[in-house]
$ cat input.txt   # compact mmCIF, C-alpha atoms and all ligand atoms
# COMPACT_ATOMS: atom_id res chain seq x y z
CA MET A 680 22.45 -9.78 -7.92
CA ILE A 681 19.45 -8.35 -9.80
CA LYS A 682 17.49 -6.78 -6.95
CA LEU A 683 13.75 -7.20 -6.50
CA SER A 684 13.45 -3.44 -6.24
CA GLN A 685 15.76 -0.59 -5.53
CA PRO A 686 15.31 2.98 -4.39
CA ILE A 687 16.67 5.60 -6.77
CA ILE A 688 18.50 8.33 -4.87
CA SER A 689 20.45 10.91 -6.86
CA GLU A 690 23.54 12.87 -5.78
CA GLU A 691 21.34 15.97 -5.84
CA GLU A 692 19.03 14.35 -3.28
CA ILE A 693 21.93 13.32 -1.05
CA GLN A 694 23.12 16.93 -1.23
CA ALA A 695 19.64 18.26 -0.35
CA VAL A 696 19.36 15.90 2.64
CA SER A 697 22.85 16.91 3.84
CA GLU A 698 21.93 20.57 3.66
CA VAL A 699 18.87 20.00 5.84
CA LEU A 700 20.96 18.02 8.32
CA ARG A 701 23.41 20.95 8.55
CA THR A 702 20.64 23.36 9.49
CA GLY A 703 19.89 21.44 12.69
CA MET A 704 16.14 21.82 12.05
CA LEU A 705 15.28 18.16 11.89
CA VAL A 706 11.68 17.52 12.96
CA GLN A 707 8.45 18.40 11.18
CA GLY A 708 8.73 21.90 9.74
CA LYS A 709 8.80 23.77 6.44
CA TYR A 710 9.97 20.83 4.29
CA VAL A 711 7.22 18.59 5.64
CA ALA A 712 4.72 21.36 4.79
CA GLU A 713 6.22 21.69 1.29
CA PHE A 714 6.12 17.93 0.73
CA GLU A 715 2.45 17.93 1.75
CA GLU A 716 1.73 20.75 -0.72
CA SER A 717 3.48 18.85 -3.53
CA LEU A 718 1.46 15.71 -2.76
CA LYS A 719 -1.77 17.71 -2.66
CA ALA A 720 -1.07 19.16 -6.11
CA TYR A 721 0.05 15.80 -7.48
CA MET A 722 -3.03 13.90 -6.30
CA ASN A 723 -5.50 16.75 -6.62
CA VAL A 724 -6.69 16.32 -3.04
CA GLN A 725 -7.50 18.94 -0.43
CA HIS A 726 -5.59 17.72 2.62
CA VAL A 727 -2.38 15.75 3.12
CA VAL A 728 -0.84 14.88 6.50
CA ALA A 729 2.66 13.41 6.19
CA VAL A 730 3.50 10.76 8.79
CA SER A 731 6.31 8.42 9.76
CA SER A 732 5.13 5.23 7.93
CA GLY A 733 2.29 3.64 6.01
CA THR A 734 1.29 1.82 9.19
CA ALA A 735 1.14 5.12 11.09
CA ALA A 736 -1.07 6.45 8.27
CA LEU A 737 -3.49 3.52 8.60
CA HIS A 738 -3.48 3.82 12.38
CA ILE A 739 -4.39 7.51 12.52
CA ALA A 740 -6.98 6.96 9.77
CA LEU A 741 -8.83 4.41 11.93
CA ALA A 742 -8.35 6.48 15.08
CA ALA A 743 -9.72 9.59 13.33
CA LEU A 744 -12.82 7.63 12.27
CA ASN A 745 -13.27 6.46 15.90
CA ILE A 746 -12.99 2.82 14.88
CA GLY A 747 -12.58 0.74 18.02
CA GLU A 748 -14.07 -1.90 20.26
CA GLY A 749 -17.50 -3.05 19.07
CA ASP A 750 -16.77 -2.24 15.39
CA ALA A 751 -16.11 -4.57 12.47
CA VAL A 752 -13.87 -3.68 9.53
CA PHE A 753 -13.84 -5.51 6.18
CA VAL A 754 -10.30 -6.13 4.94
CA PRO A 755 -8.93 -8.07 1.95
CA GLY A 756 -7.56 -11.51 2.80
CA PHE A 757 -4.43 -10.95 0.71
CA THR A 758 -2.30 -7.95 1.70
CA PHE A 759 0.61 -6.88 3.87
CA PRO A 760 -0.48 -7.61 7.49
CA ALA A 761 -0.26 -3.93 8.54
CA THR A 762 -3.63 -3.38 6.80
CA ALA A 763 -5.40 -5.57 9.36
CA ASN A 764 -2.98 -5.16 12.27
CA VAL A 765 -4.22 -1.62 12.81
CA VAL A 766 -7.80 -2.90 13.05
CA GLU A 767 -6.66 -5.29 15.77
CA ILE A 768 -4.63 -2.60 17.54
CA GLN A 769 -7.80 -0.48 17.64
CA LYS A 770 -9.56 -3.52 19.20
CA ALA A 771 -12.07 -3.82 16.35
CA ARG A 772 -12.98 -7.08 14.59
CA THR A 773 -11.27 -7.90 11.29
CA VAL A 774 -13.54 -9.49 8.68
CA LEU A 775 -11.50 -10.99 5.87
CA VAL A 776 -12.80 -10.91 2.30
CA ASP A 777 -11.26 -12.94 -0.52
CA VAL A 778 -9.60 -11.25 -3.48
CA ASP A 779 -9.83 -11.54 -7.24
CA ALA A 780 -7.38 -14.06 -8.76
CA LYS A 781 -6.25 -11.73 -11.55
CA THR A 782 -6.18 -8.25 -9.99
CA TYR A 783 -5.29 -9.47 -6.44
CA ASN A 784 -7.67 -6.79 -5.10
CA MET A 785 -10.67 -7.32 -2.82
CA ASP A 786 -13.49 -8.82 -4.90
CA PRO A 787 -16.46 -6.38 -4.71
CA ASP A 788 -19.02 -9.21 -5.12
CA LYS A 789 -17.49 -11.11 -2.21
CA LEU A 790 -17.35 -7.90 -0.18
CA GLU A 791 -21.06 -7.31 -0.67
CA GLU A 792 -21.81 -10.93 0.18
CA ALA A 793 -19.61 -10.76 3.31
CA ILE A 794 -21.43 -7.64 4.53
CA LYS A 795 -24.86 -9.18 3.86
CA ASN A 796 -23.98 -12.46 5.58
CA TYR A 797 -22.18 -10.85 8.50
CA SER A 798 -23.65 -11.97 11.82
CA GLU A 799 -21.08 -11.30 14.58
CA LYS A 800 -21.89 -8.96 17.44
CA GLU A 801 -19.53 -6.14 16.38
CA LYS A 802 -21.15 -3.54 14.16
CA PRO A 803 -19.90 -3.10 10.56
CA LYS A 804 -18.21 0.29 10.43
CA ALA A 805 -15.64 0.45 7.62
CA ILE A 806 -14.02 -1.13 4.61
CA ILE A 807 -10.27 -0.99 4.09
CA VAL A 808 -9.68 -1.45 0.40
CA VAL A 809 -6.10 -2.17 -0.70
CA HIS A 810 -4.81 -1.15 -4.14
CA GLU A 811 -2.55 -4.16 -4.21
CA PHE A 812 0.86 -3.70 -5.86
CA GLY A 813 -0.36 -0.46 -7.49
CA ALA A 814 -3.46 -1.99 -9.14
CA PRO A 815 -6.39 0.40 -8.73
CA ALA A 816 -9.33 -1.31 -7.02
CA ASN A 817 -12.76 -0.89 -8.60
CA MET A 818 -13.65 2.22 -6.61
CA THR A 819 -16.96 2.67 -8.42
CA ARG A 820 -18.23 -0.62 -6.97
CA ILE A 821 -16.54 -0.22 -3.59
CA MET A 822 -18.06 3.23 -3.05
CA GLU A 823 -21.51 1.99 -4.13
CA ILE A 824 -21.30 -0.83 -1.59
CA ALA A 825 -20.00 1.49 1.14
CA ASN A 826 -22.84 3.93 0.52
CA LYS A 827 -25.44 1.17 0.44
CA PHE A 828 -24.36 -0.17 3.84
CA ASN A 829 -23.29 3.18 5.29
CA LEU A 830 -19.67 2.24 5.87
CA PHE A 831 -16.51 4.37 5.96
CA VAL A 832 -13.88 3.66 3.30
CA VAL A 833 -10.17 3.76 4.06
CA GLU A 834 -7.99 3.21 1.01
CA ASP A 835 -4.72 1.45 1.72
CA ALA A 836 -2.73 2.87 -1.18
CA ALA A 837 0.63 2.08 0.45
CA CYS A 838 1.85 0.63 -2.87
CA ALA A 839 -0.25 2.76 -5.16
CA LEU A 840 1.01 6.31 -5.52
CA GLY A 841 0.28 7.29 -9.12
CA ALA A 842 -2.41 4.63 -9.63
CA LYS A 843 -5.69 5.95 -11.04
CA TRP A 844 -9.22 4.63 -11.27
CA ASN A 845 -11.16 6.29 -14.13
CA GLY A 846 -8.45 8.96 -14.26
CA GLN A 847 -8.71 9.88 -10.56
CA HIS A 848 -5.86 9.19 -8.12
CA VAL A 849 -6.53 6.28 -5.79
CA GLY A 850 -6.61 7.30 -2.16
CA THR A 851 -8.96 10.20 -3.00
CA PHE A 852 -12.24 8.25 -3.36
CA GLY A 853 -12.92 7.12 0.19
CA ASP A 854 -12.90 9.00 3.49
CA ILE A 855 -9.12 8.66 3.90
CA GLY A 856 -6.29 7.36 1.70
CA CYS A 857 -3.05 6.00 3.19
CA PHE A 858 0.38 5.93 1.52
CA SER A 859 3.82 4.52 2.37
CA TRP A 860 7.25 5.85 1.42
CA HIS A 861 9.18 2.72 2.48
CA PRO A 862 12.15 1.99 0.15
CA ARG A 863 10.20 -0.72 -1.69
CA LYS A 864 7.50 1.77 -2.58
CA ALA A 865 7.17 4.09 -5.56
CA ILE A 866 8.95 7.01 -3.93
CA THR A 867 10.89 6.79 -0.71
CA THR A 868 11.83 8.86 2.31
CA GLY A 869 13.48 5.88 4.06
CA GLU A 870 10.49 5.28 6.28
CA GLY A 871 7.47 7.53 5.82
CA GLY A 872 3.86 7.80 4.78
CA ALA A 873 0.89 10.13 4.42
CA VAL A 874 -2.85 10.30 4.83
CA VAL A 875 -4.94 12.19 2.30
CA THR A 876 -8.55 13.32 2.56
CA ASN A 877 -11.04 15.83 1.20
CA ASN A 878 -12.69 16.07 4.62
CA GLU A 879 -11.48 19.06 6.63
CA ALA A 880 -12.58 17.75 10.03
CA LEU A 881 -10.76 14.46 9.49
CA SER A 882 -7.66 16.26 8.33
CA TYR A 883 -7.73 18.45 11.44
CA LYS A 884 -8.07 15.40 13.69
CA MET A 885 -5.29 13.48 11.93
CA ASN A 886 -3.01 16.51 12.29
CA LEU A 887 -3.61 16.36 16.03
CA LEU A 888 -3.19 12.58 16.19
CA ARG A 889 0.16 12.76 14.39
CA ASN A 890 1.65 15.14 16.94
CA HIS A 891 0.63 14.28 20.53
CA GLY A 892 -2.74 16.00 20.16
CA ILE A 893 -1.05 19.41 20.18
CA GLU A 894 -3.08 22.41 19.13
CA ARG A 895 -1.41 25.81 18.76
CA ASN A 896 -3.28 28.86 19.97
CA GLU A 897 -3.11 32.16 18.09
CA ASP A 898 -0.64 33.58 20.63
CA GLY A 899 1.74 30.66 19.92
CA SER A 900 1.03 28.82 23.17
CA MET A 901 0.00 25.21 22.91
CA ASP A 902 -2.54 22.86 24.38
CA PHE A 903 -2.87 19.07 24.28
CA VAL A 904 -6.46 18.57 23.18
CA LEU A 905 -6.52 14.79 22.69
CA PRO A 906 -4.22 11.83 23.33
CA GLY A 907 -2.14 11.63 20.13
CA PHE A 908 0.90 9.76 18.86
CA ASN A 909 4.28 10.88 17.64
CA TYR A 910 3.98 9.90 13.98
CA ARG A 911 5.84 12.93 12.60
CA LEU A 912 8.01 12.81 9.50
CA THR A 913 11.45 14.47 9.77
CA GLU A 914 12.63 17.40 7.67
CA PHE A 915 15.43 15.42 6.01
CA GLN A 916 12.95 12.71 5.00
CA ALA A 917 10.54 15.31 3.64
CA VAL A 918 13.17 17.02 1.49
CA LEU A 919 13.96 13.64 -0.04
CA GLY A 920 10.25 13.11 -0.72
CA ILE A 921 9.96 16.49 -2.47
CA HIS A 922 12.76 15.55 -4.86
CA GLN A 923 11.51 11.99 -5.39
CA LEU A 924 8.06 13.19 -6.39
CA LYS A 925 9.53 15.35 -9.18
CA HIS A 926 10.87 12.23 -10.95
CA PHE A 927 7.91 10.06 -10.19
CA ASP A 928 5.82 10.24 -13.38
CA SER A 929 8.77 9.20 -15.53
CA TRP A 930 9.38 6.26 -13.16
CA VAL A 931 5.78 5.06 -13.48
CA GLN A 932 6.09 5.25 -17.25
CA LYS A 933 9.33 3.24 -17.17
CA ARG A 934 7.80 0.61 -14.87
CA SER A 935 4.87 0.19 -17.23
CA GLU A 936 7.18 -0.27 -20.24
CA LEU A 937 9.21 -2.89 -18.37
CA VAL A 938 6.04 -4.74 -17.37
CA ASP A 939 4.98 -4.79 -21.05
CA TYR A 940 8.31 -6.39 -21.87
CA TYR A 941 7.85 -9.06 -19.18
CA TYR A 942 4.40 -9.81 -20.66
CA GLU A 943 5.87 -10.18 -24.13
CA LEU A 944 8.36 -12.75 -22.86
CA LEU A 945 6.15 -14.64 -20.40
CA LYS A 946 2.69 -14.51 -21.93
CA ASN A 947 2.87 -17.93 -23.57
CA CYS A 948 4.01 -19.84 -20.48
CA SER A 949 1.12 -22.06 -19.50
CA ASN A 950 2.50 -22.52 -15.97
CA ILE A 951 2.54 -18.83 -15.16
CA GLN A 952 -0.46 -16.57 -14.73
CA LEU A 953 0.17 -12.87 -15.30
CA PRO A 954 -1.98 -10.27 -13.50
CA GLU A 955 -4.69 -8.35 -15.31
CA LYS A 956 -3.34 -5.16 -16.87
CA ILE A 957 -5.85 -2.72 -15.38
CA GLU A 958 -5.95 0.80 -16.81
CA GLY A 959 -4.24 3.17 -14.36
CA HIS A 960 -1.98 0.50 -12.78
CA ALA A 961 1.15 2.00 -11.18
CA TRP A 962 3.09 -1.31 -11.15
CA GLN A 963 4.83 -0.98 -7.80
CA THR A 964 5.28 -4.78 -7.94
CA LEU A 965 4.85 -7.37 -10.66
CA MET A 966 3.66 -10.59 -9.05
CA VAL A 967 2.99 -13.62 -11.27
CA VAL A 968 1.27 -16.77 -10.03
CA LEU A 969 2.89 -20.15 -10.56
CA ASP A 970 0.91 -23.28 -11.26
CA THR A 971 0.32 -25.40 -8.14
CA SER A 972 2.58 -28.10 -9.63
CA ILE A 973 5.55 -25.76 -9.12
CA ASN A 974 7.25 -25.26 -5.75
CA ARG A 975 7.40 -21.47 -5.43
CA ASN A 976 9.94 -21.35 -2.57
CA ASP A 977 12.20 -23.66 -4.51
CA CYS A 978 11.89 -21.31 -7.44
CA ILE A 979 12.90 -18.31 -5.29
CA GLN A 980 15.99 -20.18 -4.09
CA LYS A 981 17.01 -21.32 -7.57
CA LEU A 982 16.60 -17.83 -8.99
CA LYS A 983 18.76 -16.53 -6.14
CA ASN A 984 21.46 -19.03 -7.12
CA LYS A 985 21.35 -17.46 -10.58
CA GLY A 986 21.78 -13.96 -9.14
CA ILE A 987 18.10 -12.98 -9.35
CA GLU A 988 16.20 -11.78 -6.28
CA ALA A 989 12.51 -12.78 -6.31
CA ASN A 990 10.11 -13.12 -3.39
CA LEU A 991 6.58 -13.88 -2.30
CA GLY A 992 4.19 -11.04 -3.11
CA ALA A 993 1.97 -10.50 -0.07
CA HIS A 994 0.40 -12.56 2.72
CA SER A 995 -2.82 -14.46 3.14
CA LEU A 996 -3.86 -13.22 6.57
CA ILE A 997 -5.92 -16.27 7.48
CA ASP A 998 -2.78 -18.38 6.99
CA LEU A 999 -0.78 -16.32 9.51
CA ASN A 1000 -0.63 -17.51 13.09
CA TYR A 1001 -2.43 -14.60 14.75
CA TYR A 1002 -5.33 -14.35 12.29
CA LYS A 1003 -5.68 -18.12 11.96
CA SER A 1004 -6.05 -18.66 15.68
CA LYS A 1005 -8.44 -15.75 16.11
CA TYR A 1006 -10.61 -15.91 12.99
CA SER A 1007 -10.42 -19.32 11.29
CA ALA A 1008 -13.71 -20.34 12.98
CA ASP A 1009 -15.42 -17.55 10.99
CA ASN A 1010 -15.40 -19.93 8.01
CA GLN A 1011 -14.70 -17.34 5.37
CA ILE A 1012 -13.66 -18.88 2.08
CA LEU A 1013 -10.29 -17.36 1.30
CA ASN A 1014 -8.94 -19.87 -1.22
CA ILE A 1015 -7.67 -17.30 -3.68
CA SER A 1016 -5.78 -15.39 -0.98
CA THR A 1017 -4.19 -18.65 0.16
CA ASN A 1018 -3.17 -19.61 -3.37
CA LEU A 1019 -1.68 -16.18 -4.11
CA PHE A 1020 0.29 -16.36 -0.85
CA LYS A 1021 1.66 -19.82 -1.71
CA GLN A 1022 2.18 -19.51 -5.46
CA GLY A 1023 2.74 -15.76 -5.99
CA LEU A 1024 6.19 -14.77 -7.22
CA ALA A 1025 7.21 -11.11 -7.20
CA LEU A 1026 9.77 -10.41 -9.94
CA PRO A 1027 12.46 -7.73 -10.05
CA LEU A 1028 11.02 -4.40 -11.12
CA SER A 1029 12.39 -0.90 -10.80
CA PRO A 1030 12.85 2.02 -13.17
CA VAL A 1031 16.58 1.26 -13.40
CA LEU A 1032 16.10 -2.36 -14.45
CA GLU A 1033 17.45 -3.05 -17.97
CA LYS A 1034 15.47 -4.88 -20.63
CA SER A 1035 18.45 -7.24 -21.05
CA GLU A 1036 18.05 -8.17 -17.37
CA ILE A 1037 14.38 -8.97 -17.95
CA THR A 1038 15.37 -11.15 -20.91
CA ASN A 1039 17.71 -13.03 -18.58
CA ILE A 1040 15.15 -13.30 -15.72
CA SER A 1041 12.45 -14.60 -18.08
CA LYS A 1042 14.84 -17.14 -19.60
CA GLU A 1043 15.78 -18.49 -16.16
CA ILE A 1044 12.13 -18.69 -15.07
CA LYS A 1045 11.18 -20.60 -18.20
CA LEU A 1046 13.99 -23.09 -17.57
CA LEU A 1047 12.77 -23.58 -14.00
CA ILE A 1048 9.12 -24.23 -14.79
CA ARG A 1049 9.47 -26.43 -17.86
C1 LIG A 1101 -0.59 -2.79 1.50
C2 LIG A 1101 0.32 -2.25 2.55
N1 LIG A 1101 -0.20 -1.56 3.59
C3 LIG A 1101 0.57 -1.05 4.56
C4 LIG A 1101 1.95 -1.20 4.53
C5 LIG A 1101 2.76 -0.63 5.66
O1 LIG A 1101 3.60 0.42 5.23
P1 LIG A 1101 4.90 0.80 6.10
O2 LIG A 1101 5.90 -0.28 5.88
O3 LIG A 1101 5.35 2.11 5.51
O4 LIG A 1101 4.48 0.91 7.51
C6 LIG A 1101 2.54 -1.88 3.49
C7 LIG A 1101 3.99 -2.07 3.45
O5 LIG A 1101 4.54 -2.91 2.81
C8 LIG A 1101 1.71 -2.43 2.46
O6 LIG A 1101 2.21 -3.11 1.43

$ encode --input "input.txt" --output "structure tokens"
Amino acid sequence: MIKLSQPIISEEEIQAVSEVLRTGMLVQGKYVAEFEESLKAYMNVQHVVAVSSGTAALHIALAALNIGEGDAVFVPGFTFPATANVVEIQKARTVLVDVDAKTYNMDPDKLEEAIKNYSEKEKPKAIIVVHEFGAPANMTRIMEIANKFNLFVVEDAACALGAKWNGQHVGTFGDIGCFSWHPRKAITTGEGGAVVTNNEALSYKMNLLRNHGIERNEDGSMDFVLPGFNYRLTEFQAVLGIHQLKHFDSWVQKRSELVDYYYELLKNCSNIQLPEKIEGHAWQTLMVVLDTSINRNDCIQKLKNKGIEANLGAHSLIDLNYYKSKYSADNQILNISTNLFKQGLALPLSPVLEKSEITNISKEIKLLIR
């Protein structure tokens, strides 16, 4: 089976993880600190707090910004549900904004319109912008809008390590950037994530929130200064992350070359729309969009029968039970999100994929959509 994606874990990494396991020092310690330092240097950002998942990262980001009951948060309509679930968990109101059909990212014009037309009782407080599948969102526009309406910006860069907007790493534009190290992501620690920020006070608060609200006094004693979570990363995960990051730039390069090859083979298919190739894209996922005349789920099954794993890309939140029942009366127009959810097809992509496999995948797709 040609896998949709696969983590790359070397013998050297297995060895490094085993060595940490043998030490018996398993929870957040020197390797977590080293991983944070490596991420700081890589992204050119002042503070990094490693956590146990991308969802944990989003959750402490909202908690650190005091987003809660009475607040409204603008979220793209097409994403992985965790982006909005944390808003709901914090008891704030989710306001869905439709995305662009070619980048799959929140459409800045529609965001501005949604903020202007917003009339619910909760007060607009933040925007969560998603860099979908590694495509950098237009952070120039998003930051202009956020400044105009005085809103916080949380960047959900779960899929976007290595993605850059105007040469700057995504996740470092807004108040807080959130990353995931799940095995489908660019680098993996099994489960894992991180928040990044250039704001010292937010970094301090997120450090507390990650670890039960514990503050260490100078004499080594500790106090619990706020109600926090346990969102710590383990030492054996962190050591894996340190190694993964060393290979990462070459993996991004390889992904980009493989995407170019897909484009070469698929660009003339009138039934398939390819995403816009934005400068600075990290290509965590390549999702194409099938014409509405084609049954996408059927396509997934038929590709599977040919030994090719493909899948839907992300979800249209307004089409999911929870969000539909709570927010469909809001009458947002989310047609593009809905279409991407129904017709989007994520294709196999990983740095170890062979060009010959892409030739085969493209051939099978063309046969299916004729
Ligand atoms: C856009 C986005 N945000 C958040 C998450 C959640 O990350 P995690 O699975 O590490 O909790 C994901 C995971 O797929 C994602 O794609």

$ atom_distance --input "input.txt" --atom1 "atom CA of A:Met885" --atom2 "atom CA of A:Phe915"
21.6 Å

$ closest_residue --input "input.txt" --among "A:Thr913, A:Thr964, A:Thr851, A:Asn950" --to "ligand LIG 1101 (chain A)" --atoms "all atoms listed in the file"
A:Thr964

$ closest_atom_pairs --input "input.txt" --of "chain A" --to "ligand LIG 1101 (chain A)" --cutoff "8 Å" --atoms "all atoms listed in the file" --output "CSV"
residue,atom,partner,partner_atom,distance
A:Ser731,CA,A:LIG1101,O3,7.7
A:Ser732,CA,A:LIG1101,O3,4.0
A:Gly733,CA,A:LIG1101,O3,3.5
A:Thr734,CA,A:LIG1101,O4,3.7
A:Ala735,CA,A:LIG1101,O4,6.5
A:Ala736,CA,A:LIG1101,O4,7.9
A:Leu737,CA,A:LIG1101,C3,7.3
A:Thr758,CA,A:LIG1101,C1,5.4
A:Phe759,CA,A:LIG1101,O6,4.8
A:Pro760,CA,A:LIG1101,N1,7.2
A:Ala761,CA,A:LIG1101,C3,5.0
A:Thr762,CA,A:LIG1101,N1,5.0
A:Val809,CA,A:LIG1101,C1,6.0
A:His810,CA,A:LIG1101,C1,7.2
A:Glu811,CA,A:LIG1101,C1,6.2
A:Phe812,CA,A:LIG1101,O6,7.4
A:Asp835,CA,A:LIG1101,N1,5.7
A:Ala836,CA,A:LIG1101,C1,6.6
A:Ala837,CA,A:LIG1101,C2,4.8
A:Cys838,CA,A:LIG1101,O6,5.7
A:Phe858,CA,A:LIG1101,O1,7.4
A:Ser859,CA,A:LIG1101,O3,4.2
A:Trp860,CA,A:LIG1101,O3,5.9
A:His861,CA,A:LIG1101,O3,4.9
A:Arg863,CA,A:LIG1101,O5,7.6
A:Lys864,CA,A:LIG1101,O5,7.7
A:Glu870,CA,A:LIG1101,O3,6.1
A:Gly871,CA,A:LIG1101,O3,5.8
A:Gly872,CA,A:LIG1101,O3,5.9
A:Ala993,CA,A:LIG1101,O6,7.5

$ residues_around --input "input.txt" --residues "A:Tyr721" --least-positions-apart "4" --cutoff "9 Å" --atoms "all atoms listed in the file" --output "short mmCIF file (atom, residue, chain, number, x, y, z; two decimals) with C-alpha atoms, keeping the file's coordinate frame"
data_model
loop_
_atom_site.label_atom_id
_atom_site.label_comp_id
_atom_site.auth_asym_id
_atom_site.auth_seq_id
_atom_site.Cartn_x
_atom_site.Cartn_y
_atom_site.Cartn_z
CA GLU A 716 1.73 20.75 -0.72
CA SER A 717 3.48 18.85 -3.53
CA GLY A 841 0.28 7.29 -9.12
CA HIS A 848 -5.86 9.19 -8.12
CA LEU A 924 8.06 13.19 -6.39
#

$ atom_distance --input "input.txt" --atom1 "atom CA of A:Thr876" --atom2 "atom CA of A:Met722"
10.5 Å

$ residues_around --input "input.txt" --residues "A:His994" --least-positions-apart "4" --cutoff "9 Å" --atoms "all atoms listed in the file" --output "list in words"
Gly756, Phe757, Thr758, Phe759, Pro760, Asp998, Leu999, Ser1016, Thr1017, Leu1019, Phe1020 and Lys1021 of chain A

$ atom_distance --input "input.txt" --atom1 "atom CA of A:Val931" --atom2 "atom CA of A:Gln707"
28.2 Å

$ build_atoms --input "input.txt" --residues "stretch 983-1001 of chain A" --atoms "N, CA and C atoms" --output "tab-separated table (two decimals), in the frame of the given file"
chain	number	residue	atom	x	y	z
A	983	LYS	N	17.71	-17.18	-6.94
A	983	LYS	CA	18.76	-16.53	-6.14
A	983	LYS	C	20.13	-17.09	-6.52
A	984	ASN	N	20.19	-18.41	-6.71
A	984	ASN	CA	21.46	-19.03	-7.12
A	984	ASN	C	21.94	-18.51	-8.47
A	985	LYS	N	20.99	-18.01	-9.26
A	985	LYS	CA	21.35	-17.46	-10.58
A	985	LYS	C	21.54	-15.94	-10.51
A	986	GLY	N	21.54	-15.41	-9.29
A	986	GLY	CA	21.78	-13.96	-9.14
A	986	GLY	C	20.53	-13.12	-9.36
A	987	ILE	N	19.36	-13.73	-9.15
A	987	ILE	CA	18.10	-12.98	-9.35
A	987	ILE	C	17.30	-13.01	-8.04
A	988	GLU	N	16.98	-11.84	-7.53
A	988	GLU	CA	16.20	-11.78	-6.28
A	988	GLU	C	14.70	-11.74	-6.61
A	989	ALA	N	13.98	-12.77	-6.17
A	989	ALA	CA	12.51	-12.78	-6.31
A	989	ALA	C	11.96	-13.07	-4.92
A	990	ASN	N	10.65	-12.90	-4.74
A	990	ASN	CA	10.11	-13.12	-3.39
A	990	ASN	C	8.62	-13.42	-3.48
A	991	LEU	N	8.04	-13.77	-2.32
A	991	LEU	CA	6.58	-13.88	-2.30
A	991	LEU	C	6.02	-12.47	-2.47
A	992	GLY	N	4.74	-12.37	-2.85
A	992	GLY	CA	4.19	-11.04	-3.11
A	992	GLY	C	3.63	-10.40	-1.85
A	993	ALA	N	2.56	-10.99	-1.32
A	993	ALA	CA	1.97	-10.50	-0.07
A	993	ALA	C	1.46	-11.72	0.70
A	994	HIS	N	0.75	-11.47	1.80
A	994	HIS	CA	0.40	-12.56	2.72
A	994	HIS	C	-1.10	-12.85	2.70
A	995	SER	N	-1.43	-14.13	2.91
A	995	SER	CA	-2.82	-14.46	3.14
A	995	SER	C	-3.01	-14.41	4.65
A	996	LEU	N	-3.80	-13.45	5.12
A	996	LEU	CA	-3.86	-13.22	6.57
A	996	LEU	C	-4.38	-14.42	7.34
A	997	ILE	N	-5.33	-15.14	6.75
A	997	ILE	CA	-5.92	-16.27	7.48
A	997	ILE	C	-4.91	-17.41	7.64
A	998	ASP	N	-3.83	-17.36	6.87
A	998	ASP	CA	-2.78	-18.38	6.99
A	998	ASP	C	-1.65	-17.94	7.93
A	999	LEU	N	-1.79	-16.78	8.55
A	999	LEU	CA	-0.78	-16.32	9.51
A	999	LEU	C	-1.27	-16.65	10.92
A	1000	ASN	N	-0.30	-17.02	11.75
A	1000	ASN	CA	-0.63	-17.51	13.09
A	1000	ASN	C	-1.72	-16.73	13.83
A	1001	TYR	N	-1.51	-15.42	13.94
A	1001	TYR	CA	-2.43	-14.60	14.75
A	1001	TYR	C	-3.86	-14.65	14.20
